[in-house]
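**Student:** This is the structure, below, for whatever I ask next.
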Amino acid sequence: MQFTKKIFSLFIIILLSFNVTGQTPTPLIQYDFEHQLPADKNQIYTGVLHGNAEIVTMTDGNNVLFTGAGHMDIGAEMGKTVLAELTGSYSISIDFSVGNANSLSSFCWLYAFANGTNQYIGLINTAGNNNWYYEIRNNSTQNVRSNTGISIETWHNITYVQNGAVGSIYLDGVLKNSGTIGLRPSAFSSLLTGCYLGLSPYSGDATMSNTFIDNFTIYNTTLSASQISEIYNNIKDKSVTPATPIISNITKFWESKGNPIITHKYTCDPAALVYNDTLFIYTGQDAAGGQSYYNINNWAVFATTDMKNFWEYSTPLRASDFTWGTQNAAWAGQVIEKNGKFYWYTSSNTTGIGVAVSDRPEGPFKDALGKPLLTNANSPGMSHSWRTIDPSVFIDDDGQAWLYWGNGACWVSKLNPDMISIDSNYGVKMISFAGHFDFPFTEAPWVHKKNGLYYLSYAAGFPERIQYAISTSPDGPFENKGIINEIAGNSNTNHQAIVEYKGNWYFIYHNGGIQTDGGSFSRSVCIDKLEFDENNLYKPIIMTTKGVDKIESTNDEIIKAEVNSADNPFYYDRGKQLIHMKNGNNYQIADSLGHIVKSGNGKKVSVMNFAAGVYIISNGSKSFKFIR
Ligand code: FUB
């Protein structure tokens, strides 16, 4: 009897170690997101969502990770602990559905456990979506390639199985390829520095954008073909649609490494707008290197709240949105807010100045008139065809909006209260400058007011440097004060914006600073400090590659509001991005523009899926401001 028992136990052990039972083995770790947190199922390792990544509920109630333009940082600790167990056979399984707007034309990774780029494991999409493969690198590299692509907006499963010396990759329950893999993750697990869902360890790769991820699971044993097929069958018909539409139109987040502040595309002609807590930067988008003239088809919009972390919104306005602008030229302009609407005055090279409008600072913007606001007929006294460009708008303390523009001369007019027509009684005046011009006015006027004085800066000469002049009246005459910024590196234009933000003054301009392709027609926006001397004159700008410092302290009011005082009915759990309402109540959350973005009744509300920004939650009698 004793002998029969022993034989039976041995049989069970053999059965389990070869994993031929039908039941899927217990994972080492699993991320199924059902608790709606960026943490593993047992909540031992809590990760961090980056950018606008969020945990979303799909129409069938399934909770999943949505990468958006961001990713999830799993945390290196999880990798160190779990990968240490992967000494022999193991399996890694992941379910995912890639959205329509994706990055599959570039290299991008579904998961990565890495120590830089010398040691890692990861699941990689080859640029072009025709080969998803598992790779392990411990100085030398081994991989198993599926040699297949995937369909978008459909749930897929990719499972990698390490069985002895053989690695196999399964796509949607079907074995795609096997190969010899001798390296093991446990050999470098203690050195891991980053573990991610949706991010590659290679900085040049794209993020796995707009992708739903679920059931990321690691086993320290093999999965059988039938178990893998069952895993796929469980996900394949799941919903690919979030229950609440994802409204964020943020396309990228990054931390600036200094100047230029934007390096993933070429940006020119910056204009700045401070709105509530946020600095918005509007630019043209120059074509990539090798251009012989301005090739700018659309504008772009970026934002920051600390001068270090930036994000970009989807394209807010295109030259082709102005159907009358025949040259497809998204030249310089400026955005300003009036009565809750945002007006973008734009240039089109020779066909005049347009105005577009939006009810949000990030757009999208629409041509407000269907025709130019100003044409060359409004720029008298000169005859070249590109003179009606570079509008700059300024609203004085009395509410009067002034519009400046010009190439070769600077013209000014008053805008009517509707912001989309000019005051015909005032008409148009050419600005007169007094005093010595080091270089003549070229273009790019920018006006701001400080201590009762009007500062008009402009590009002068060619190649351009930036000069400025001061007046006691918005329409001059202006007294020349000299050069403030010298010729910018590798660009014959310099186009500046000057703005005060959170107590500091900034000089925002472009150069041709991205090597080797940057230049006069593939420009890049930079930000440096602007300072005044004791006579209220600008100190010369020192252009730097270091750029400006991060603003460490947030606005006092917000810090104060975030103190969870006894009489405050709200408590913000930053880590979990949950707002608790102490007594449970009806609530409404408004964004910085006062738009209601969420409302309901309950004791807690997740703000994880909110775009970065400032919000106010209110229960009707008390309100609480928070930054997401
Ligand atoms: O980007 C086209 C033109 O170049 C702008 O309108 C000018 O200010 C100059 O920067």
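In the structure tokens, the first chain shown is A, the next is B, and so on; residue numbers restart at 1 for each chain, and ligands run from 1 in the order shown.
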Which residues of region 477-582 of chain A come within 12 Å of region 392-413 of chain A, and for each one, what is the closest pair of atoms and their distance in Å to one decimal, counting only C-alpha atoms, sorted by chain and residue number, as a Markdown table?

**Tutor:**
| residue | atom | partner | partner_atom | distance |
| --- | --- | --- | --- | --- |
| A:Pro477 | CA | A:Val412 | CA | 11.4 |
| A:Phe478 | CA | A:Cys410 | CA | 11.1 |
| A:His495 | CA | A:Ser392 | CA | 11.5 |
| A:Gln496 | CA | A:Ser392 | CA | 10.8 |
| A:Ala497 | CA | A:Ser392 | CA | 9.4 |
| A:Ile498 | CA | A:Ser392 | CA | 11.4 |
| A:Val499 | CA | A:Phe394 | CA | 11.7 |

**Student:** Could you give me, as an NGL selection string, every polymer residue with an atom at most 6 Å away from an atom of ligand 1, counting only C-alpha atoms and all ligand atoms?

**Tutor:** :A and (269 or 294 or 331-332 or 390 or 443-444 or 493 or 495)

**Student:** Grab the residues selected above and save them as a CSV table (one decimal), in the first residue's frame with N, CA, C and O atoms.

**Tutor:**
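Written file, out21.csv:
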chain,number,residue,atom,x,y,z
A,269,ASP,N,8.5,79.5,-34.8
A,269,ASP,CA,7.6,80.7,-34.6
A,269,ASP,C,6.8,80.5,-33.3
A,269,ASP,O,5.5,80.6,-33.4
A,294,TYR,N,10.4,77.6,-46.5
A,294,TYR,CA,9.5,77.2,-45.4
A,294,TYR,C,8.5,76.2,-45.9
A,294,TYR,O,7.7,76.5,-46.8
A,331,TRP,N,2.3,79.8,-41.2
A,331,TRP,CA,3.3,80.7,-40.8
A,331,TRP,C,2.9,81.2,-39.4
A,331,TRP,O,1.9,80.9,-38.8
A,332,ALA,N,3.7,82.1,-38.9
A,332,ALA,CA,3.6,82.6,-37.5
A,332,ALA,C,2.3,83.2,-37.1
A,332,ALA,O,1.6,83.8,-37.9
A,390,ASP,N,2.8,87.4,-39.6
A,390,ASP,CA,3.3,87.5,-38.2
A,390,ASP,C,2.4,88.4,-37.3
A,390,ASP,O,2.8,89.3,-36.6
A,443,GLU,N,10.4,91.5,-39.0
A,443,GLU,CA,9.1,90.9,-38.9
A,443,GLU,C,8.9,90.5,-37.4
A,443,GLU,O,9.7,90.9,-36.5
A,444,ALA,N,7.9,89.6,-37.1
A,444,ALA,CA,7.7,89.0,-35.8
A,444,ALA,C,7.5,90.0,-34.6
A,444,ALA,O,8.2,89.9,-33.6
A,493,THR,N,16.2,82.9,-39.1
A,493,THR,CA,15.1,83.6,-38.3
A,493,THR,C,15.2,83.2,-36.9
A,493,THR,O,15.9,82.2,-36.5
A,495,HIS,N,12.4,84.3,-34.4
A,495,HIS,CA,11.0,84.6,-33.9
A,495,HIS,C,10.7,84.3,-32.4
A,495,HIS,O,10.7,83.2,-32.0

**Student:** Check the smallest atom-to-atom distance from each of A:Gly198, A:Gly88, A:Gly99, A:Gly75 to Ser151 (chain A) using only C-alpha atoms, then report the winner.

**Tutor:**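 The answer is A:Gly99, which sits nearest to Ser151 (chain A).
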
**Student:** Write out as a tab-separated table the residues of region 113-211 of chain A that have any atom within 10 Å of an atom of region 245-266 of chain A, one row each with the nearest atom pair and its distance in Å to one decimal, counting only C-alpha atoms, sorted by chain and then rising number.

**Tutor:**
residue	atom	partner	partner_atom	distance
A:Gly204	CA	A:His264	CA	9.7
A:Thr207	CA	A:Lys252	CA	9.3
A:Ser209	CA	A:Thr251	CA	8.8
A:Asn210	CA	A:Thr251	CA	9.4

**Student:** Which of region 390-420 of chain A counts as strand (DSSP E) under DSSP, as a list in words please?

**Tutor:**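 Here is the list: Ser392, Val393, Phe394, Ile395, Ala401, Trp402, Leu403, Tyr404, Trp405, Trp411, Val412, Ser413, Lys414 and Leu415 of chain A.
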
**Student:** Save out the residues we just selected, N, CA and C atoms, as a PDB file, in the first residue's frame.

**Tutor:**
ATOM      1  N   SER A 392       0.486  89.545 -34.002  1.00  0.00           N
ATOM      2  CA  SER A 392       0.681  89.409 -32.562  1.00  0.00           C
ATOM      3  C   SER A 392      -0.435  90.204 -31.902  1.00  0.00           C
ATOM      4  N   VAL A 393      -1.040  89.642 -30.875  1.00  0.00           N
ATOM      5  CA  VAL A 393      -2.213  90.274 -30.283  1.00  0.00           C
ATOM      6  C   VAL A 393      -1.938  90.552 -28.819  1.00  0.00           C
ATOM      7  N   PHE A 394      -2.481  91.672 -28.361  1.00  0.00           N
ATOM      8  CA  PHE A 394      -2.242  92.079 -26.974  1.00  0.00           C
ATOM      9  C   PHE A 394      -3.519  92.740 -26.463  1.00  0.00           C
ATOM     10  N   ILE A 395      -3.974  92.346 -25.259  1.00  0.00           N
ATOM     11  CA  ILE A 395      -5.173  92.980 -24.687  1.00  0.00           C
ATOM     12  C   ILE A 395      -4.745  93.888 -23.544  1.00  0.00           C
ATOM     13  N   ALA A 401      -8.322  95.068 -27.400  1.00  0.00           N
ATOM     14  CA  ALA A 401      -7.360  94.159 -28.040  1.00  0.00           C
ATOM     15  C   ALA A 401      -6.701  94.868 -29.217  1.00  0.00           C
ATOM     16  N   TRP A 402      -5.398  94.782 -29.261  1.00  0.00           N
ATOM     17  CA  TRP A 402      -4.599  95.400 -30.331  1.00  0.00           C
ATOM     18  C   TRP A 402      -3.949  94.297 -31.166  1.00  0.00           C
ATOM     19  N   LEU A 403      -3.946  94.508 -32.480  1.00  0.00           N
ATOM     20  CA  LEU A 403      -3.316  93.527 -33.367  1.00  0.00           C
ATOM     21  C   LEU A 403      -2.144  94.195 -34.084  1.00  0.00           C
ATOM     22  N   TYR A 404      -0.991  93.571 -34.024  1.00  0.00           N
ATOM     23  CA  TYR A 404       0.231  94.069 -34.676  1.00  0.00           C
ATOM     24  C   TYR A 404       0.625  93.027 -35.716  1.00  0.00           C
ATOM     25  N   TRP A 405       1.237  93.421 -36.791  1.00  0.00           N
ATOM     26  CA  TRP A 405       1.726  92.456 -37.777  1.00  0.00           C
ATOM     27  C   TRP A 405       2.743  93.146 -38.679  1.00  0.00           C
ATOM     28  N   TRP A 411       2.587  97.161 -38.652  1.00  0.00           N
ATOM     29  CA  TRP A 411       1.295  97.836 -38.666  1.00  0.00           C
ATOM     30  C   TRP A 411       0.521  97.465 -37.398  1.00  0.00           C
ATOM     31  N   VAL A 412      -0.428  98.311 -37.031  1.00  0.00           N
ATOM     32  CA  VAL A 412      -1.236  98.049 -35.842  1.00  0.00           C
ATOM     33  C   VAL A 412      -2.681  98.454 -36.119  1.00  0.00           C
ATOM     34  N   SER A 413      -3.594  97.710 -35.522  1.00  0.00           N
ATOM     35  CA  SER A 413      -5.008  98.063 -35.597  1.00  0.00           C
ATOM     36  C   SER A 413      -5.669  97.655 -34.296  1.00  0.00           C
ATOM     37  N   LYS A 414      -6.899  98.162 -34.077  1.00  0.00           N
ATOM     38  CA  LYS A 414      -7.665  97.726 -32.906  1.00  0.00           C
ATOM     39  C   LYS A 414      -8.612  96.620 -33.351  1.00  0.00           C
ATOM     40  N   LEU A 415      -8.746  95.588 -32.528  1.00  0.00           N
ATOM     41  CA  LEU A 415      -9.760  94.560 -32.831  1.00  0.00           C
ATOM     42  C   LEU A 415     -11.077  94.993 -32.196  1.00  0.00           C
TER      43      LEU A 415
END

**Student:** Could you list, as a list of chain:residue names, every residue within 7 Å of Asn585 (chain A), counting only C-alpha atoms and ignoring same-chain residues fewer than 3 positions away?

**Tutor:**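 Surrounding residues, per the criterion: A:Met581, A:Asn601, A:Gly602, A:Lys603, A:Asn619.
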